[in-house]
Structure formats: C-alpha cells, structure tokens
There are 2 protein chains.
Amino acid sequence: MTTEATDTDRYPVLDDGFHVFDTTLRDGAQREGINLTVADKLTIARHLDEFGVGFIEGGWPGANPRDTEFFARARQEIDFKHARLVAFGATRRAGATAAEDPQVRALLDSGAPVITLVAKSHDRHVELALRTTLGENLDMVRDTVSHLRAQGRRVFVDCEHFFDGYRANPDYAKAVVRTAHEAGADVVILCDTNGGMLPAQVQAVVATVLADTGARLGIHAQDDTGCAVANTLAAVDAGATHVQCTANGYGERVGNANLFPVVAALELKYGKQVLPPGALREMTRISHAIAEVVNLTPSTHQPYVGVSAFAHKAGLHASAIKVDPDLYQHIDPEQVGNTMRMLVSDMAGRASVELKGRELGIDLGGDRELVGRVVERVKERELRGYTYEAADASFELLLRAEAEGRALTYFRTESWRVIVEDRPDGSHANEATVKLWAKGERIVATAEGNGPVNALDRAMRVGLERIYPQLAKLELVDYRVRILEGRHGTGSTTRVLVTTGDGTGEWSTVGVGDNIIAASWQALEDAYTYGLLRAGVEPAE
Amino acid sequence: MTTEATDTDRYPVLDDGFHVFDTTLRDGAQREGINLTVADKLTIARHLDEFGVGFIEGGWPGANPRDTEFFARARQEIDFKHARLVAFGATRRAGATAAEDPQVRALLDSGAPVITLVAKSHDRHVELALRTTLGENLDMVRDTVSHLRAQGRRVFVDCEHFFDGYRANPDYAKAVVRTAHEAGADVVILCDTNGGMLPAQVQAVVATVLADTGARLGIHAQDDTGCAVANTLAAVDAGATHVQCTANGYGERVGNANLFPVVAALELKYGKQVLPPGALREMTRISHAIAEVVNLTPSTHQPYVGVSAFAHKAGLHASAIKVDPDLYQHIDPEQVGNTMRMLVSDMAGRASVELKGRELGIDLGGDRELVGRVVERVKERELRGYTYEAADASFELLLRAEAEGRALTYFRTESWRVIVEDRPDGSHANEATVKLWAKGERIVATAEGNGPVNALDRAMRVGLERIYPQLAKLELVDYRVRILEGRHGTGSTTRVLVTTGDGTGEWSTVGVGDNIIAASWQALEDAYTYGLLRAGVEPAE
C-alpha cells in the first residue's frame, strides 16, 4: 500500500460537498486528432490544478505504458494545490477475485488516492460486450469496490450507458448503483455514454435513481445531441453533486460536457462556489493554454472563453452597449477573464466606431464630424468588398488616416510584376519584381517564392529591409482569399486577408481588387505599414 | 400592396402547427467573419428551402441596400418549394404612425408574405435604448402589427431581451406579449437576446407566459451559456410551437441555436415531424454546403453533422461496435446523412462511393475491387487537400478514370505562363500564354484578363475553341479559394473550387497545389474536360 493513498492532508479539498471532476486526460484524449505525450499530460494537469478542479482523472494505469508513466511522474513532479489525482480502470474480470486481478493491481500501484471504476449497467452490454451474467456483473462491482476501499482508496463508480440501460431495464440499472453504493463507492456516476440524452430525460432519471437508491450521484454527459452542458446542469438540478467534464469539451465523437461553461453556470448562474475564489477569472487563459498543449486552435465561438464570445457586430447592439454594456451581455466578460470587442462592419454605425476607437486608445468621443467621416469611409469601402471586423490593423490605419488628415506612409509603390510559369516538366516558377520608394530612395528588388504572393512578399521584404531592419522580425502567419459576387461573367472582386506576426503579437489586414495578386499586394502594404507603426518607427513622409 | 403578400397558395406549408424558422441570413450573418453577398444569400436560401424549413428570414429590407436587393431578387429568382420568405424589421418610431414610417414601408415593399417585428419587452431597454415611455412602446407594437395585418401580411413579433425583461418586470414583459397577440401577431417569440438563460429557467418562464397570455409562443435562443439547443427544446417542452434557429449555429458572439441538432432532436427524439419526409437525411450535406458558401470550415465536432460526430477511436468501442453499432451510437448516422467512421479501418467510404456511383449512373455494386481502388484514390487525394464533397465533376472524372482504366483526355497541357503587372499609373495587366496539344495539334494561345485566372481561362478557351466549338457556351460562374493549413510549419496548400456552367447546368471541379495559379489551372482543366463530356464529345485520345 502506498502512503499517499491515505494521506488526505496532502490534498486539501475546497469542499467535498460538490465535485468538479475533470477527465480531459482520459476521456478528452479520445478526441479525434488529440495525441498526448506524458509531458503534455503533466502540463495539462498543472493547468487544471491551478484552475482549481477537485479531481483530475489522469488515465488508465496499466492499460498503456504512457498512462502508467504519467501517474509515476505526476506524483513526483506536481505539487497539487487543489486537485486529487484519479486513476481510471475497470471492475475485475468475470470469474476471478479483485485481489488477483492484474488490472486492479495496476490501479493500486499508480498510487492515486482516488480510483474511478467503469462498470456496465446496461443488461444488453453485460451480455453482448462483457459476455457474462447479470449476477456476476454485480459481484464484479461489489468485489472490486470493496477491495479498493479495503486498501484505503476513495472509489467512484462510472455506470457506463446508464441512461440507455435504465430505459431497457430500470431495475437492473438501479441494482448496479445500489451495489456500488453499498460496497463503499463514494459517488456513483450515471454516464450518458453515447450522448443521446436530452435534459428533461436526464433530470427525471437522476431524480428517480437518487430517490430509489440513496447513493450520492454524479453525471458524465457526452455532447452528441449538443446538450452535454445542459444535461450536466439538469442532473445537478435533480440532485447530482459530482460533474465530470473535459476542458474545451474535448472527447470522443462530438465531445464531452465542456468544463468551462459548466463551472461558469454553477458559479455565475447558480451562485454555487465550486472553484477556489478568483479561479473563474483565469478561465479564458486556461482554456487557451490547454488548447495550445493539445495543439488545436482554440474555438473562437466557445461560450465564455472564445475570442468572439463577447464580440458585438450589429449597429443596434453597439448603440445600446454604449448606453450600458449589460444590455447586450449576460455577464461582465472580466468575470471569466475575457474582453468585450466591437466589430466594425457596414451594419454598424457611429457607436461601434467610437467604441472601437476607444479600444485602440484613440478617443473620438468629442469629434462627431470625424466619426461620421470614418463611418462613411468604412461603409463605402465595405460596399467595395473590404471587411474591417477581421482586419483590425487596416481599420486602425484608416482611422488614423482620417484623424490625422493623411495616410501613414513609410514607402510608396511605383510598380510590381509577378510571373508564374508552369514548365513542360511540371515544375513551377514564381518570380516577383517590385519597384518602391522609401526615404527618397528608389528600390528595385526581385525574389522567387513558392507561389506568386510569397514571391511578392519576399521581394518587398528584400527591398525594404535595408531601410527598415525592423521588418526582419515580420512573418506572414495566415493568408485567406475570398472571391466576392461575380456570378455570370461580371468581374468578380477578390478579398484577401493577411495575418502577420512579429513574435510578440499578430495583426490582420485586408486588400481588395479585381485581381488576387493586386488585392494581396494591398494587404501586404498595410501589414508592413502596421508592423512599422507597432515597432515605433516614425513615418517617412 | 404586392400580390405575393396574400397569395398563400404560392407557399405551401408543411404544417402550420409547428414552425421551423431559420434566421441564418439575418441573425446568423451577425457572426464574426461572415460577410454575405446577395448571391451568397440567394444560394443559402435555396439550400434552406430544399432542406424544408418553413420560414426563411432574409434580412432587414430598407436597413441596407444588400438586404433590399436580396428580397427583390429572391422573389424573382427562387421558386420556393417549402419555405416562406420573412422580412425582419422594427416596430414604428415613437410618436409617429406605422403608416407614415419609412422603415415599416420598406418591409411592405419587400413583398415578403411574412414580417417579423422586433419589439422591446424589457422596461429598462425601452427607457435607456429606445428612450420612450412604456406606454408608447406598447402603442408602437399595437399600431405596427395592426398596420401590417391590415396590409395582408402575416406577422411574428420578436420580444427582444424577453427573459431579462421578465425577471425585471414580469407584468410589463407579459403586457408586450399580450399587446402583440391581441393586435394580430400569429406568434410572439420570446428572445434570450444576450443568451444568458439556462433550460430550467426558460421552461418555467415559457410555461407561465403561455398560461397568462394565451398567445402562440416561439423561442429564439442565443448560445452564450452553451445551452441554446437545450433552451430551445425546453421552450418546446413548455408549449412553444415555433423555433428560431440558424444553420450551423451561426450568429452574434457565440452564436444562435443550431438548426441541425434542434430539428434532429425534434424528429428523432420527440418523434415530431417538422421537416418534409427524407429531409433529415440531407442534413449533413446541407450543413457543409452552407459552410462552403459562408466560407467557414465546417466544424468537425458539430453534433450529428460533423465529420467526427460518428467517428470511433479504437479499442473498447471498436470491438463493441463490431458486435452491434447501436451499442455506441445514439442514432444511425444515415438518418442524418452522416457516416460512421472507424478511425483505423477502410470501411468508411465504400458505401458512399457506391452510392455516389449509382447517383452518377455508374453501377459499381458488383466490383468490390474497383470500389476499393476508388476509395483508396479518394483518401490519398483528400489527404493532399482535395475535397470531392464540393466537386462532383472532379469526382466523376476520377471515378470514370478508375472504371475505364485511363483518364478521359481531350487535350494535354505542355506549359503555361501568367504575368501580372502593376503599372506606375495604378492600372493592372494580366496576360496568360498556354501551350496545349489537342487531336495531334500543338496550340499556342495568349489572352489578357481582369485577373491571372481569368487570363488563363481565356487563353485556354481561345486555344481550344477552334477544335472544340462546344466550349463557347461554357462560363466560369464561381471561383473559391481556401488556404489549407501547412502541417508543422511546412508550406501551406491552396485549394481552388471552380463552378462552371453551360446554360443548362453547373458543375464544380477542384484543384490543389502549393501555388494558387497552378491549383486554378488544375480545376479549369477538369472543368473543361467535364464540359466536353457533358456535351457528348468523344475523348480525343
């Protein structure tokens, strides 16, 4: 027996009356496209502990060497402040004892103070997938829970496919809950494993099972109906006091109940403190940090933590928000560490331009005439195909040009030329030549690239870097093209959005034209101009 | 008054007892990053009508020229099979009559048979944002609804911020509902405008308002708590018979209630038929097609329709699924036009290739080996960035090439070259030269265009038309570009989708490369080849 197992003082728990249980490292890792190393798992565990969840399910020790190593290293390397580490495993095999079962042994060997056992609770699954009898399955639950309890571990039991099982055979499903509870499991978790439930069903089943068994109940919801968060809350409404979630809702198929909207609802809507004080304000940062570790782009539209979660576009909304931000926001974004953003578009009017100006540190409040000019200019350009909500840097350049009466200029374009050639051997050549003026000097530069825009970008940089060495840090990080309108032969318009970075930040610019290369050139001009402005370089003319 | 307005026979409705109301074109367009042209809106309206929603809210005629044009063109160009077109607008201004109000006039002028009016129902918003009295706001609702009804329009009233308003002043919020109902509004929609509600709250409020007012109620939910789908269903549980949704959940901030999981839950979980028979099987295709139009990558993890929605990763699940797929899936993916994917098997694809072949009139049922070859080829090419879902013609060419053992060839490319030049006077020149072989003849042709791809297209046509006069009818009707992420810092890949028409139909082709011009050339080659095949021309070699 390991000492950690009984050393509860090492793991102070916020409040055992309600459990926030995270399974990002186990169930979340089942998401298509996620493949975690041990180092990734340790980093995520640190983030989750810092956020303040009560339990971190780390994996299935014994099932694969990576998970075994994770438990060994987590015990050594992480000084958990809030969370207890949980090992996941199955009930013992049919026809043997728990004490003899190597899989159960591996759970104890992990040293985790808490063990979650998955148990079948759907009669058909017991017979078809487990291929044993209903009675033996109950014995497996009873025996495994008792054995782990006798070894001093806290035990939670996940009833797999509980809701489908309950529909098929409610007495048997409840018998599994009762058996786990009576054998000493602290919490019995009702799992909607295939994710097919809706909140009203979950609430009714949890309420009945709670009344009929007296067990402490938890909920584990998958998101296949798009209702995992609501299903989790419905179970809480019915008396569940343990919620299993994953960061950003990662998980098999559609995913699991998303930890962030669940804890936000519990704290901000239910007024129930389930995390350490102040934790919620770190939520946006933690969400993005975990997305970085698993190497997935953070969802821009995730509730509470997405970059668009408090972004406002409609003119109607913007004018109301100026009066009072609470009119169009259900919470103050700062409560979850996010920020409000105003998007500038032709749907918007004066109010959004003023708010945007304030966001950029340019106060336009006093100058109605200037704001009017900017609105007109935005509308006129959006009609031609520009879009400023996705091109903050181009909008700032436009705003400054109107405010200062002239455009910010570091260089001027005389002309450029691109040649793209498909050779008889199937290879491609891309060559660009640019002719520019900067600080009174004429610059002619030529470069090759893997495409026409890349060649132009390189030629521009080759030409300007000698005069503006600050450009060396700039990197084109994203490039998007959209062809607008142009049905039936009429000249179409091309819109290009470019995202550029300098190592400390990123900005987006837009270019529009009847020609993809010309539109790209425009976006690149803005990108370089804004990069120089950011670097604090004085305009040349 | 327009004749369409009262011509209800033109718009047969599935069942007026329950409304599936789509607002992708109005509220969905508020999503950050979406900027729809009139042509985009018309295409989306066609998809939604084909899917079978009852109402399509097209925008706010009069508020911006784009929406006005949309209504004018939709009436002319779309022969709606299922949906009625809805114009969105506001109640009249304070202190005037509805009959005099130009904004109300524009709603009538749109010719839409149904009008949704947004009305304030939160006392604080009336005073702070609308800056009028509570009594005048009720008059505005009454007067505007009556006026539109007198003009023969069906009227729905959106009660903005209803749930917050109800919390602040339930009597006033209900007075707005009652006023709209008594003035002749068919449905009064309770809107959770800032998206802060949870299902239990929605259910309680809808039930009370229904009992207290007797109005027919609808629900409009935003997804800020991650519960928009559940909130919509909770309102239906409480007696709402009208649901407002957007395709793929597009909408301001986090988004709106997602149309697809809402209708799937209603049909598959509630057993309520809300769409024409068979519509649900088109859901995955329609979802992806709309994502293409708005130029957003379809969410891989969207419930029901995401490519990962029925993807199973390994081990425990895979073996159980072999026994019985229902063990790990809440529905049969075919019910929503999606497919199960085993992430380690080549099972996926076979069925769809066979189905697709049948659709194209090529029966592959008997030839397992051929189907296997096509699946392999599609997989290999999709890995490189091709997509065949949106490029039917390229898929058919691939299928025929495999079936016949060689590619269909009308011409061969020796080489091509494009020059794009920005001149000192600001004008652009685009010149393309192509060298081709057709029917044993070498062809060299040069043409100019308004962009590099247009120049290439023209040069190709100039060169080939003498040999294939059928090409004269061909027209490039749409052109889309997507930059696919480079994996691990390697260069990104460009994907081009081209839609071509010949007056009797349209077809789409795909090209992929590290170079936008080369990818476009590939898509054009397929487009011309398919055009000649369609015209019944015999391959040259």
# chains A, B, ... in the order shown; residues from 1 in each chain; ligands from 1

call {"tool": "interface_residues", "arguments": {"of": "chain A", "to": "chain B", "cutoff": "6 Å", "atoms": "only C-alpha atoms", "output": "PyMOL selection string"}}
result
chain A and resi 129+194+196+224-227+230+253-254+301+303+308-311+320+328-330+414-424+451+481+483+487-488+515

call {"tool": "residues_around", "arguments": {"residues": "Leu360 of chain A", "least_positions_apart": "6", "cutoff": "12 Å", "atoms": "only C-alpha atoms", "output": "list in words"}}
result
Arg341, Met342, Val353, Glu354, Asp392, Ala393, Phe395, Glu396, Leu397, Leu399 and Arg400 of chain A

call {"tool": "select_by_dssp", "arguments": {"residues": "segment 206-428 of chain A", "states": "alpha helix (DSSP H)", "output": "JSON, numbers by chain"}}
result
{"A": [206, 207, 208, 209, 210, 211, 212, 213, 228, 229, 230, 231, 232, 233, 234, 235, 236, 237, 259, 260, 261, 262, 263, 264, 283, 284, 285, 286, 287, 288, 289, 290, 291, 292, 293, 294, 315, 316, 317, 318, 319, 320, 321, 322, 323, 350, 351, 352, 353, 354, 355, 356, 357, 358, 359, 368, 369, 370, 371, 372, 373, 374, 375, 376, 377, 378, 379, 380, 381, 382, 383, 392, 393, 394, 395, 396, 397, 398, 399, 400, 401, 402, 403, 404]}

call {"tool": "residues_around", "arguments": {"residues": "Ile56 of chain A", "least_positions_apart": "2", "cutoff": "6 Å", "atoms": "only C-alpha atoms", "output": "NGL selection string"}}
result
:A and (22 or 58 or 85-86)

call {"tool": "calpha_fit_rmsd", "arguments": {"fixed": "chain B", "moving": "chain A"}}
result
7.3 Å
